[in-house]
Structure formats: C-alpha cells, structure tokens
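Working notes, beginning with the structure itself.
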Amino acid sequence: MFRYRIAFRKEGPARWIGHLDLMRALERAFRRAELPLCYSEGFNPRPRFVFALPLPVGTVGLRELADFYLRVPANPEGVKARLATVLPEGLSILAVKRIPRDAPNLMAAVGMASYRAEGELTHAVTAGQVAEAVDAVLAAKEIKCTRNGKGGAKEKDIRPGIFGLQASVTEKILTINMRVRAGQQGNIRPAEVVDAFLRLGGLPGSPRNFVYYHTGLFMVTDGRAASLG
Amino acid sequence: MLQIEHLLQQVQKPGRYTGGEYNSVRKNWDEAAVKVAFAFPDVYEIGMSHLGLQILYHTVNERRDVLMERVFAPWPDMEALLRKEGVPLFSLESRRPVKEFDILAFTLQYELTYTNVLNMMELAGVTLLAAERGEGEPVVIAGGPCAFNPEPLAAFFDLFVVGEGEEVVHELLEAFIRAKREGKDREGFLRDAAGIAGVYVPGFYAVDYFSDGRVIGIRPVVPGIPERITKRVVSNLDAAPFPVRPIVPWLEAVHDRGMVEVFRGCTRGCRFCQAGIIYRPVREKSLERLLLQGRELARNTGFDEISLCSLSSVDYSQLQPLVDRLTGALKPERVSVSLPSLRIDTFAVEIAQRLQEVRKGTLTFAPEAGTQRLRNVINKDVTEEDLLKSMEGAFTSGWLRVKLYFMIGLPTETEEDLDGIARLAAAVLKAGERCGVPKGRLRVTVSTACFVPKAHTPFQWEPQITRAGLRERIGYLRRKLSDRRIHFDWHDPEMSFIEAVFARGDRRLGAALLSAQRLGCRFDGWREHFDFARWQRALEESGLKPEEYACRRYRYDEVLPWDHIDTGVSREFLIQEHARAFLGEVTPDCRREECIACGVCPALGVVPEIMQGEMRVPL
C-alpha cells in the first residue's frame with residue numbers, strides 16, 4: 001500500500017454533488033486513469049479514501065484534501081497528470097504527494113475550516129453597518145440555530161464554534177470571511193454563520209443568495225492553528 | 001446560458017440539473033446547423049439508466065453539423081421553482097431554454113410518463129397542440145416503444161418515429177437541414193418527413209369513429225403518404241453505432257453501470273409481451289465485437305460493473321465464452337460483469353455463479369404465472385421443476401434472497417393459479433431450507449404486476465379485469481403469502497388501469513391527458529405522486545369512458561386504434577397465437593426450432609442473426 005494525499009478543487013457543476021457522489025466520481029476517475037486503488041476488506045469493498053472534510057452540497061471547494069492508497073507505487077506528478085485528463089467538469093487536481101503510511105489520520109487532524117461567503121443583499125448597506133454586524137456576532141453569548149437532522153429539528157449553539165469573522169461590503173455585495181470549528185468535534189456550516197450575521201446585524205438578505213467557498217483547513221493544537229496541506 | 005445557481009441552492013439533488021458529467025458533449029451552439037433537445041419524461045436517475053438515450057446522444061453528436069443536449073422531467077420541487085421564478089425548462093449541456101432548439105425529441109417508454117411529456121412542453125413554453133404550434137417553435141417528435149400506439153399523444157406531436165432510431169434519425173436530420181435550406185415551413189418539412197420510412201405525421205391522418213366510440217378507420221388526408229407506417233429495424237447490429245463512451249452520471253442512476261447491448265429482439269413469444277413483438281427479429285452481435293465494446297466501455301467510464309443487456313441476455317448463443325472472457329479481462333481492474341435478468345434454468349444459474357463470485361445479492365426470476373396451465377396460456381416456457389432446480393442451485397451456491405415476478409389478472413386466471421403462486425413461493429422456501437440456507441436469512445420476495453393488454457401483442461384484444469377484481473386478487477394473495485420470510489409487493493391496480501387505458505387508447509384521449517396535466521397529474525409512474533382521483537376527474541371532463549379502453553374485449557373485426565402502425569408481425573399470427581393461448585398450446589422460439597411464420601422477416605426484408613449454430617431460414 002502506497003499512501004498519497006491529493007489536493008483538489010470542487011467547483012462548477014461538481015459543486016452540486018454530494019459527498020457519496022463525489023467519492024464515486026473519484027473512484028471512477030482513478031479507474032479511467034488506470035491507477036489501482038486499494039480497497040477495504042469485507043462484503044462490499046470500497047476504495048480506501050479518507051476525506052479531510054465532506055463539503056455541504058453547493059459549497060465550492062478551493063482546496064479539498066483526501067488521502068488514498070495505491071496498490072503499486074507511482075510518481076505523484078504522474079498521478080496528477082493522469083487524473084487531470086479523466087476528471088469530470090469542475091473537479092481538478094492541485095497537487096499530489098506521497099505521505100508516510102503511518103501519518104496521522106487526515107479526518108482526525110481537522111479542527112478548523114475557513115470559508116468565504118459572497119452574496120447580494122436586498123439593498124445597499126454601509127461599511128459601518130457591516131462592522132456592527134461583525135461585532136454583534138462576536139459579542140453574542142450564544143447563537144441558537146436549528147438544524148434539521150434525521151431525528152427531527154435540533155437546536156444548537158454555534159457561537160463557540162465561530163473562531164474568526166471579517167466582513168466587507170461594496171454597495172449590495174457582501175463578503176464574509178470566517179474561521180469555524182470543523183472535524184470530529186463538530187461542524188459549523190457557513191450558511192448558519194451568514195444567517196446569524198444577517199439576523200444579528202439586521203441586514204437585508206438571505207443566506208440562500210450567497211455562494212460559499214471553502215478556502216482552507218487547519219489543525220488546531222493547544223489553541224494554535226496550522227494550515228493542513 | 002440561463003442563471004440557475006439560485007435554484008440549485010434550493011432543490012434536492014441539484015446534480016440532476018447541472019450537466020457537465022464525464023463524457024457528456026458540449027458543442028459550440030452557433031456552429032450547429034440543427035439543435036436537438038433529447039427529452040426524457042422522467043427524473044434524471046431514471047433517464048440516465050436508459051440505453052436508448054446514450055445510443056442516440058452519441059450517434060447524433062458524432063455529426064459535426066448537429067448538436068444534441070439532454071433534458072429530464074424536473075422533480076416537483078424544481079418544477080415549483082421554475083414556475084415561481086419564471087425560468088423556462090432548460091437543457092443540461094448549455095443551459096439553454098428548450099424552446100431555442102430546432103427539434104424537441106421525446107422518448108416514450110411508459111404510458112404513465114405522458115403527463116410529464118405535456119408538463120415538460122408547458123414548462124418549456126412550447127405550444128402543446130401541434131396544430132397550433134408556431135413557425136418559430138421546435139418541431140416536437142417522439143420515438144420509443146409507446147410510439148407503437150401513438151394515438152393518445154397524436155394531438156401533441158408533429159411526428160413520431162416508429163421502430164429503431166439509429167438510422168432513421170440521420171434521415172430525419174438530413175430532411176430537416178434540406179427543408180431549412182430550401183426555406184420550407186413546418187408543414188413543408190413534415191411533408192418531406194412523412195415520406196421517410198418509419199415516420200408517422202399524425203396531423204396528416206384522420207380518424208373516423210362509430211357513435212359508440214369504436215374506430216371506423218384511419219386514413220391519410222394528404223396525398224402521397226403511406227396508409228400504414230412500418231417500423232424501422234437496424235439490419236446489421238454488429239456494425240451499428242454503439243456508445244462506448246456513455247455519459248457517466250453525477251448521481252447514482254437506477255442502473256448505475258455500463259451497458260453492453262448483446263442482442264436485440266426476443267422470440268420467446270410470451271403472449272402478453274410487447275417488447276417481444278416490436279423488437280423482432282433477434283439480431284445478435286458477434287462475440288469479438290462484444291468483448292471489444294465491453295473492455296472499451298469499462299476503460300472509458302470507470303464503472304465497477306458492466307451489464308450485458310438484452311431482453312433475455314441468457315439466450316445469447318455464445319454466452320459462456322462471452323462471460324468467461326469478459327470477466328477474465330475485467331477482473332484485474334475490479335470490474336464485475338452482470339446479467340440484468342435470468343432465465344429460469346440451471347444453465348442460467350451456473351452462469352450467474354461465474355458472475356458473482358464475491359457478492360451474492362438477490363437472484364431474480366420471472367415465472368409470471370403460478371400454474372403450468374396458465375404458463376402454457378401465456379407461452380412462458382418454464383416448468384416448476386426447472387424453477388425449483390434452479391433455486392436449489394442458487395441456494396447451494398450461496399444466494400440467500402430470491403425474487404419472483406408474477407402477473408395477476410392474466411386471461412383465464414382462476415383461484416387455482418393464485419394458489420399456485422403461493423405454492424411456488426412456499427416450495428422455494430422449502431428448497432432454501434433443504435439447501436441449508438441459515439435460518440433467519442432466507443428471504444423470498446413475490447412481486448406481482450397487473451396484466452395490461454398491450455398493442456400489437458396476441459393479447460391486444462383481451463380486457464383487463466376490473467380494479468375491484470385486481471384488488472380482490474391482491475388481498476387473496478396477501479392472506480396466502482403470510483409466511484414472515486416471504487415479502488409480497490404488488491403494482492397498484494389504479495396505476496395499471498390508467499396504463500391500460502393509454503396502452504389501447506385512441507386520439508380522443510388527448511383531451512383527457514390535457515385535463516390531467518392541468519389538474520396537476522405528474523410522475524404518474526411514481527406511487528407517491530400518482531393521484532387516481534385527479535385522473536378520474538380528468539377522464540370525466542373529457543366525457544370518455546376509460547373502462548371502454550381498458551376493460552373491454554376488442555373484437556377481431558374492429559379496427560384497432562394502432563392498426564396503421566405495422567410491426568411486421570402479421571395480424572394472422574397474432575390471432576393464431578391468441579387462439580392457441582386458449583387451447584393452452586405452446587409455440588416454440590424460432591431461434592431454437594423452426595420458423596413459426598410470425599411474418600416479420602419477409603415483411604421487413606430482414607433475417608434473424610444468430611452468431612452460432614444453424615441459421616434457420618424464415619418462411
């Protein structure tokens with residue numbers, strides 16, 4: 001088994017497929033590229049992909065990370081070049097590197113993610129209003145948000161998961177940069193933050209009219225963040 | 001290009017509408033002389049499993065002068081958004097409004113998609129009635145099995161293509177290009193098209209009715225067009241274009257695998273089966289061609305499964321070498337080979353064993369009827385002994401689950417035949433026990449469909465039994481199949497009733513279809529969307545009696561609404577088969593025994609193509 005880490009973009013039409021469909025699309029791309037993946041054991045063998053962070057459907061991934069294993073060693077540049085010719089529209093490879101077999105699990109390493117949200121408000125607002133909205137979110141003791149899961153609607157406080165927030169506006173176009181909790185300790189969804197931002201700041205708009213970009217992944221140790229990959 | 005991102009944000013499975021899949025074809029819009037939208041009137045995951053779509057998509061897109069893009073029925077959540085936001089139905093590839101295409105081509109696979117057809121036209125902003133359609137609008141055409149009784153849809157289509165599309169689609173495109181160059185209007189093009197073999201322009205024919213609604217006759221009303229439209233067949237399937245670079249869907253399709261068509265046609269001769277008539281004769285592809293196509297398909301798609309598709313793939317004359325060699329070639333790539341349907345015999349089970357060395361899913365068989373008597377009536381050449389022997393083979397080699405398909409409401413069916421279904425299911429359970437299937441894991445699914453008389457079959461004259469009768473039979477079977485290891489599911493009698501109405505319907509039903517669409521009928525083939533009360537209202541509004549179509553015995557001496565469509569199979573043969581059914585006489589398969597004189601070969605000037613063994617000369 002030879003372990004590799006891949007960095008890729010998920011945008012355009014590919015932005016709209018879910019995590020399982022993404023895994024299937026990659027598995028098929030590897031087969032088209034004639035790169036022999038290692039599979040799990042058992043009744044229904046699946047390729048051993050480990051994704052750093054499954055993205056919500058619709059979110060653009062600017063640098064997604066995943067680990068995979070090959071049955072034969074291959075030159076990372078060669079892997080990248082072969083995959084490049086067989087990917088569907090919207091998936092592209094940024095980098096491939098060999099990593100040690102015993103490197104820490106990718107998914108477990110993730111503690112924080114950064115996102116950018118860009119969207120149009122119903123009417124123009126001032127930079128001052130936007131700055132107040134940032135303060136309102138950061139000053140809040142708790143921010144309740146409702147999530148619809150398998151067991152019905154659940155209330156959740158997302159405030160402790162918001163680590164950083166910046167925003168700017170040009171007329172009606174609002175840009176929000178955020179750093180939020182991600183990974184096995186729980187995920188904060190960027191749309192939830194935008195919703196809170198608009199609500200607490202009293203700004204006219206809907207999280208639905210925003211495009212979300214996943215911009216980075218971080219490992220958090222002793223309160224300090226380091227970029228992954 | 002339409003902006004649809006804000007819509008995608010709000011719907012389930014947005015991947016249904018994005019396009020951009022691997023192997024999809026995006027051409028320069030302005031460079032194409034003709035733009036065709038291929039419309040599949042059901043949801044993406046169903047449509048992307050359809051081999052016909054892939055065949056035509058690639059055949060047409062091979063041409064430099066034409067582009068073909070796809071459009072599927074939007075799911076109700078997307079439909080509501082399109083209507084609310086005033087966004088017209090768009091194609092997947094270039095996200096253009098469907099109305100901007102020159103030709104809008106529907107495939108008609110199932111009667112219960114007809115309201116989706118109308119609904120898609122409406123969402124596209126295309127005039128529903130062909131007679132009222134303007135010069136700037138697309139020419140709206142259709143093909144597929146339901147085009148063999150196109151009459152209920154006659155008012156909505158400019159033309160139908162009857163039979164296999166690979167060749168005629170090019171003739172049609174040439175005619176379109178020529179008509180455009182010569183500055184002809186819609187009518188002018190349709191006149192040219194009506195001269196192409198296999199093309200039916202319903203507007204050029206008139207139907208006369210008796211006062212009781214039966215058809216007096218169907219006659220051409222413009223000069224120089226044929227009285228009957230004969231279906232098209234591809235004579236050399238081995239040389240026909242086949243998509244070895246099919247589109248790989250974004251979402252998990254119903255059949256999420258690569259498809260190799262092994263042969264076309266099936267001459268087993270089940271008397272209820274329309275596919276068995278309309279795809280005649282049998283034409284096999286060569287072993288070498290299939291191996292090549294299977295390997296290329298796997299390499300070009302990355303699918304982990306390649307399926308050998310045909311109406312009855314196990315009948316392929318060189319199945320064993322095909323399976324052995326293809327499995328051998330694909331196994332190192334972790335690609336498996338599968339057969340979609342199995343014949344009931346031990347040979348089939350042996351083949352299945354070779355295919356499924358690791359995963360033992362459900363094995364599916366279709367005895368269709370519960371007693372030998374009724375199986376003889378429908379010409380299903382299977383004995384109970386065959387069935388049980390194959391089951392034993394399956395259980396012994398590790399299968400735990402078996403699915404059995406039956407039909408209820410078949411002509412001459414009695415209580416005894418229903419008892420036979422229960423008895424067979426019990427015998428299969430016993431076989432499982434005997435073969436040592438672990439207790440608690442043995443499972444038999446019994447699935448029943450309601451008999452729907454279909455045009456062009458020996459049973460086309462037969463009535464469907466009433467909905468009450470069907471419900472009663474289902475209730476009876478539910479009580480009989482009470483063993484907890486048996487799972488019983490059944491087709492909805494109301495849905496089968498509407499299917500039967502349209503399967504044997506005439507032009508007058510167009511009005512009912514319009515009402516149904518207006519009342520909100522959609523996705524009628526989906527139990528959760530099918531609304532019988534709405535359908536009853538629609539049929540009432542049209543003033544027609546649906547039972548007259550579904551539950552009436554049609555007479556030999558009456559003109560059938562589809563009599564002007566010619567499958568090549570003779571009426572005499574259908575009558576003879578119908579008579580033999582009631583005598584319980586079995587008719588053999590012409591690929592194994594001698595020609596049974598169904599008439600298709602001489603009528604169409606073709607012969608069956610069997611790759612191995614003695615070729616039999618048709619009468």
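Residue numbering restarts at 1 in every chain; chains get A, B, ... in the order shown in the structure tokens, and ligands count up from 1 in that same order.
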Residue neighbourhood Val194 in chain A, 10 Å, only C-alpha atoms, exclusion window fewer than 2 positions, as a PDB file with N, CA, C and O atoms, in the first residue's frame:
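Once written, out_14.pdb looks like this:
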```
ATOM      1  N   ALA A 117     -17.996  33.709   2.155  1.00  0.00           N
ATOM      2  CA  ALA A 117     -19.363  33.746   1.632  1.00  0.00           C
ATOM      3  C   ALA A 117     -19.541  35.054   0.892  1.00  0.00           C
ATOM      4  O   ALA A 117     -19.173  36.106   1.414  1.00  0.00           O
ATOM      5  N   GLU A 118     -20.053  34.962  -0.327  1.00  0.00           N
ATOM      6  CA  GLU A 118     -20.291  36.174  -1.117  1.00  0.00           C
ATOM      7  C   GLU A 118     -21.741  36.184  -1.563  1.00  0.00           C
ATOM      8  O   GLU A 118     -22.233  35.168  -2.077  1.00  0.00           O
ATOM      9  N   GLY A 119     -22.383  37.326  -1.341  1.00  0.00           N
ATOM     10  CA  GLY A 119     -23.782  37.345  -1.755  1.00  0.00           C
ATOM     11  C   GLY A 119     -24.325  38.733  -1.883  1.00  0.00           C
ATOM     12  O   GLY A 119     -23.681  39.721  -1.487  1.00  0.00           O
ATOM     13  N   THR A 175     -19.234  40.415   1.484  1.00  0.00           N
ATOM     14  CA  THR A 175     -18.279  39.309   1.553  1.00  0.00           C
ATOM     15  C   THR A 175     -17.961  39.034   3.016  1.00  0.00           C
ATOM     16  O   THR A 175     -17.603  39.953   3.755  1.00  0.00           O
ATOM     17  N   ILE A 176     -18.111  37.787   3.407  1.00  0.00           N
ATOM     18  CA  ILE A 176     -17.824  37.419   4.796  1.00  0.00           C
ATOM     19  C   ILE A 176     -16.745  36.338   4.793  1.00  0.00           C
ATOM     20  O   ILE A 176     -16.873  35.337   4.089  1.00  0.00           O
ATOM     21  N   ASN A 177     -15.676  36.588   5.565  1.00  0.00           N
ATOM     22  CA  ASN A 177     -14.663  35.549   5.758  1.00  0.00           C
ATOM     23  C   ASN A 177     -14.796  35.026   7.169  1.00  0.00           C
ATOM     24  O   ASN A 177     -14.953  35.798   8.113  1.00  0.00           O
ATOM     25  N   MET A 178     -14.741  33.713   7.297  1.00  0.00           N
ATOM     26  CA  MET A 178     -14.921  33.158   8.647  1.00  0.00           C
ATOM     27  C   MET A 178     -14.003  31.968   8.870  1.00  0.00           C
ATOM     28  O   MET A 178     -13.600  31.292   7.918  1.00  0.00           O
ATOM     29  N   ARG A 189     -21.725  25.141   9.922  1.00  0.00           N
ATOM     30  CA  ARG A 189     -21.935  25.362   8.493  1.00  0.00           C
ATOM     31  C   ARG A 189     -21.885  26.852   8.182  1.00  0.00           C
ATOM     32  O   ARG A 189     -22.467  27.658   8.904  1.00  0.00           O
ATOM     33  N   PRO A 190     -21.230  27.204   7.083  1.00  0.00           N
ATOM     34  CA  PRO A 190     -21.082  28.625   6.755  1.00  0.00           C
ATOM     35  C   PRO A 190     -22.431  29.331   6.599  1.00  0.00           C
ATOM     36  O   PRO A 190     -22.554  30.498   6.971  1.00  0.00           O
ATOM     37  N   ALA A 191     -23.436  28.614   6.087  1.00  0.00           N
ATOM     38  CA  ALA A 191     -24.746  29.257   5.904  1.00  0.00           C
ATOM     39  C   ALA A 191     -25.364  29.629   7.252  1.00  0.00           C
ATOM     40  O   ALA A 191     -26.080  30.630   7.365  1.00  0.00           O
ATOM     41  N   GLU A 192     -25.039  28.834   8.286  1.00  0.00           N
ATOM     42  CA  GLU A 192     -25.564  29.143   9.624  1.00  0.00           C
ATOM     43  C   GLU A 192     -24.948  30.449  10.137  1.00  0.00           C
ATOM     44  O   GLU A 192     -25.618  31.261  10.775  1.00  0.00           O
ATOM     45  N   ALA A 196     -26.857  33.982  10.986  1.00  0.00           N
ATOM     46  CA  ALA A 196     -26.720  34.704  12.252  1.00  0.00           C
ATOM     47  C   ALA A 196     -26.235  36.134  11.999  1.00  0.00           C
ATOM     48  O   ALA A 196     -26.705  37.094  12.620  1.00  0.00           O
ATOM     49  N   PHE A 197     -25.308  36.269  11.083  1.00  0.00           N
ATOM     50  CA  PHE A 197     -24.736  37.571  10.736  1.00  0.00           C
ATOM     51  C   PHE A 197     -25.823  38.538  10.258  1.00  0.00           C
ATOM     52  O   PHE A 197     -25.924  39.672  10.721  1.00  0.00           O
ATOM     53  N   LEU A 198     -26.650  38.065   9.355  1.00  0.00           N
ATOM     54  CA  LEU A 198     -27.699  38.920   8.805  1.00  0.00           C
ATOM     55  C   LEU A 198     -28.739  39.236   9.877  1.00  0.00           C
ATOM     56  O   LEU A 198     -29.220  40.365   9.992  1.00  0.00           O
ATOM     57  N   ARG A 199     -29.062  38.233  10.675  1.00  0.00           N
ATOM     58  CA  ARG A 199     -30.083  38.391  11.712  1.00  0.00           C
ATOM     59  C   ARG A 199     -29.615  39.374  12.788  1.00  0.00           C
ATOM     60  O   ARG A 199     -30.292  40.362  13.060  1.00  0.00           O
ATOM     61  N   LEU A 200     -28.447  39.075  13.367  1.00  0.00           N
ATOM     62  CA  LEU A 200     -27.970  39.915  14.475  1.00  0.00           C
ATOM     63  C   LEU A 200     -27.587  41.310  13.998  1.00  0.00           C
ATOM     64  O   LEU A 200     -27.676  42.284  14.754  1.00  0.00           O
ATOM     65  N   GLY A 205     -31.208  40.428   3.709  1.00  0.00           N
ATOM     66  CA  GLY A 205     -30.757  39.429   2.749  1.00  0.00           C
ATOM     67  C   GLY A 205     -31.073  38.035   3.243  1.00  0.00           C
ATOM     68  O   GLY A 205     -31.641  37.872   4.333  1.00  0.00           O
ATOM     69  N   SER A 206     -30.707  37.039   2.443  1.00  0.00           N
ATOM     70  CA  SER A 206     -30.971  35.660   2.817  1.00  0.00           C
ATOM     71  C   SER A 206     -29.730  34.817   2.552  1.00  0.00           C
ATOM     72  O   SER A 206     -29.057  35.006   1.531  1.00  0.00           O
ATOM     73  N   PRO A 207     -29.405  33.893   3.465  1.00  0.00           N
ATOM     74  CA  PRO A 207     -28.218  33.046   3.249  1.00  0.00           C
ATOM     75  C   PRO A 207     -28.287  32.276   1.937  1.00  0.00           C
ATOM     76  O   PRO A 207     -27.275  31.858   1.390  1.00  0.00           O
ATOM     77  N   ARG A 208     -29.510  32.111   1.429  1.00  0.00           N
ATOM     78  CA  ARG A 208     -29.718  31.390   0.187  1.00  0.00           C
ATOM     79  C   ARG A 208     -29.086  32.107  -1.002  1.00  0.00           C
ATOM     80  O   ARG A 208     -28.750  31.509  -2.012  1.00  0.00           O
ATOM     81  N   PHE A 210     -26.267  33.494  -1.188  1.00  0.00           N
ATOM     82  CA  PHE A 210     -24.803  33.566  -1.073  1.00  0.00           C
ATOM     83  C   PHE A 210     -24.160  32.358  -1.741  1.00  0.00           C
ATOM     84  O   PHE A 210     -24.751  31.277  -1.808  1.00  0.00           O
ATOM     85  N   TYR A 212     -20.874  29.986  -1.288  1.00  0.00           N
ATOM     86  CA  TYR A 212     -19.939  29.642  -0.216  1.00  0.00           C
ATOM     87  C   TYR A 212     -18.689  28.993  -0.788  1.00  0.00           C
ATOM     88  O   TYR A 212     -18.790  28.066  -1.600  1.00  0.00           O
TER      89      TYR A 212
END
```
Nearby residues (only C-alpha atoms) at most 7 Å from Ala39 in chain B, same-chain spacing under 5 positions excluded, as a PyMOL selection string: chain B and resi 70-72+104-107
Shell around Ile141 in chain B at 10 Å using only C-alpha atoms, local window under 3 positions removed, as number ranges by chain: B: 38-39, 103-107, 138, 156-161, 199-201
Residues within 9 Å of Glu499 in chain B, only C-alpha atoms, excluding chain neighbours under 5 positions, as JSON, numbers by chain: {"B": [110, 111, 112, 452, 494, 504, 550]}
Only C-alpha atoms, please: the residues just picked out, written as a PDB file, in the first residue's frame.
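Dumped to again15.pdb:
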```pdb
ATOM      1  CA  TYR B 110     -44.085   4.123 -20.418  1.00  0.00           C
ATOM      2  CA  GLU B 111     -47.674   5.331 -20.640  1.00  0.00           C
ATOM      3  CA  LEU B 112     -47.540   6.807 -17.152  1.00  0.00           C
ATOM      4  CA  VAL B 452     -52.048  -4.725 -19.023  1.00  0.00           C
ATOM      5  CA  GLU B 494     -55.308   2.037 -10.350  1.00  0.00           C
ATOM      6  CA  ARG B 504     -55.022   0.730 -26.007  1.00  0.00           C
ATOM      7  CA  ALA B 550     -59.033  -0.885 -20.537  1.00  0.00           C
TER       8      ALA B 550
END
```
Top pick for closest residue to chain B, considering A:Glu171, A:Glu89, A:Glu64, A:Glu120 and counting only C-alpha atoms: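 The closest residue to chain B is A:Glu89.
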